[in-house]
Each structure stands twice: as C-alpha cells, then as structure tokens.
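> Pasting in a structure now, in structure tokens, and then I'll have a few things to ask.
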Amino acid sequence: MANQTPNFVRRVPVSKPYLVTRNQALHLSPSNFKQFMENTDVYGVIVDMPMGGTVLTTLACYVNGAANLYFSNGNDYSGAAQRYPGVVQAARVFVANAASMIEGLEPTRTLELPINNRHFAYILTTHGIYRLDLDSQTNTGTPQERVFKMLYHRVMGELRGAQMKDQANGIDPKAALK
C-alpha cells in the first residue's frame with residue numbers, strides 16, 4: 001500500500017493593515033445605516049475568500065450600497081459606489097438577500113479567516129453577527145446558498161468593471177476619496 005501524505009492546511013499570510021481594516025468592516029455600527037434599515041435588521045455582509053492560495057480577499061457590502069474590497073497584502077479597492085450605480089445596486093440586492101440566510105443560525109463568537117476552498121460570509125445584524133461557511137464553487141450547496149453566492153459574485157463583477165473603468169480613466173480610488 002502506498003504512503004498517503006496528509007493534506008496540510010496552509011493559511012494565507014495576512015498583513016496587519018488588512019486585519020485592522022477587516023476588523024473595522026466587521027464592527028461598523030448599525031447606527032451608520034439606520035436610514036436604510038426600515039424593513040430589515042441586516043446592515044452588512046462581509047465575505048472572506050481565499051484566492052489562488054496566495055491572497056485572501058474580503059468583500060464588504062452594506063445596506064446603503066457601499067461595497068469595498070480588502071486584500072491580505074494590505075491593498076484595497078474602495079469608493080466605487082460613489083461613482084458607479086451598478087455597484088450600489090448589486091450591493092443592495094446582495095445585502096437584502098442575506099436576511100433570508102440567517103434563519104436557523106446562531107450568532108457567531110469567532111471571526112476567523114477561511115482556509116482552502118471555503119468562503120466565510122459574516123452577516124451583520126442589529127442582533128449580532130452570523131457566519132455562513134460556504135464552498136467556493138457557485139454551483140454547490142442549497143439553492144438558497146447558490147443564489148447567495150451568485151449575488152456576491154455579481155458584486156465582485158461590478159467592482160471589477162468599476163476598477164477597470166477607473167484605471168482606463170486614470171482615477172486613483174484612494175485619491176478620489178480625499
């Protein structure tokens with residue numbers, strides 16, 4: 001019988017600026033979004049996604065349509081919602097859909113980062129933070145999970161399009177926020 005080597009789990013290295021920014025995104029106060037929360041307790045969704053084994057990407061979306069990307073190396077792409085209505089629309093639809101995902105879940109006590117092909121979605125509510133553990137493949141999971149994943153992939157697509165437009169127009173997102 002051949003020797004079977006164990007699959008060792010390799011964590012993606014992350015920078016301190018990334019951890020600080022991710023923590024801030026996870027702990028924004030719901031009071032920042034009261035005007036957008038008339039019919040919901042959900043005010044944001046944070047999705048942590050390993051990308052290619054070397055980068056961890058965090059997508060932060062809020063009920064007001066804000067959507068930002070944070071990368072484990074400390075870089076980010078922020079402020080696109082101020083320039084692109086498609087980003088706002090995709091983020092709002094995604095966050096609105098997240099309310100249906102918390103049924104049966106308990107608030108989480110840990111805000112760990114995912115490994116391998118897992119994505120962790122943290123749903124921010126006025127009653128606590130709920131975590132979904134999702135397979136990274138869009139076509140796996142329950143029908144509800146597949147829709148949820150499709151919606152955050154749509155936000156990612158809108159952000160990628162916005163980033164390409166910004167680059168083509170010579171816009172530095174960091175400078176645009178000042």
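Residue numbering restarts at 1 for every chain of the structure tokens, chains are lettered A, B, ... in their displayed order, and ligands are numbered from 1 as they appear.
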Would you mind listing what lies within 9 Å of range 63-70 of chain A as number ranges by chain, with only C-alpha atoms counted and same-chain residues fewer than 4 positions away left out?

A: 18, 21-22, 33, 35-37, 42-45, 56-59, 74-82, 85, 87-96, 155-156, 159

> Write down as a PyMOL selection string the residues of chain A whose backbone DSSP state falls under strand (DSSP E or B).

chain A and resi 42-51+55-62+67-71+76-77+107+118-125+128-135

> For a quick check of understanding, using only C-alpha atoms, which of A:Glu145, A:Asn169, A:His27, A:Gly157 has the smallest distance to Leu111 in chain A?

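Nearest candidate to Leu111 in chain A out of A:Glu145, A:Asn169, A:His27, A:Gly157: A:His27.
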
> Tell me which protein, DNA and RNA residues are within 10 Å of Gly52 in chain A, counting only C-alpha atoms, leaving out same-chain ones fewer than 4 positions away, and put them as a PyMOL selection string.

chain A and resi 12+56+116-117

> Counting only C-alpha atoms, which residue out of A:Ser136, A:Asn97, A:Gln144, A:Thr108 sits closest to Pro50 in chain A?

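Among A:Ser136, A:Asn97, A:Gln144, A:Thr108, it is A:Ser136 that comes nearest to Pro50 in chain A.
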
> Expressed in Å to a single decimal, how great is the separation between CA of His119 in chain A and CA of Asp135 in chain A?

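Interatomic distance here is 6.2 Å.
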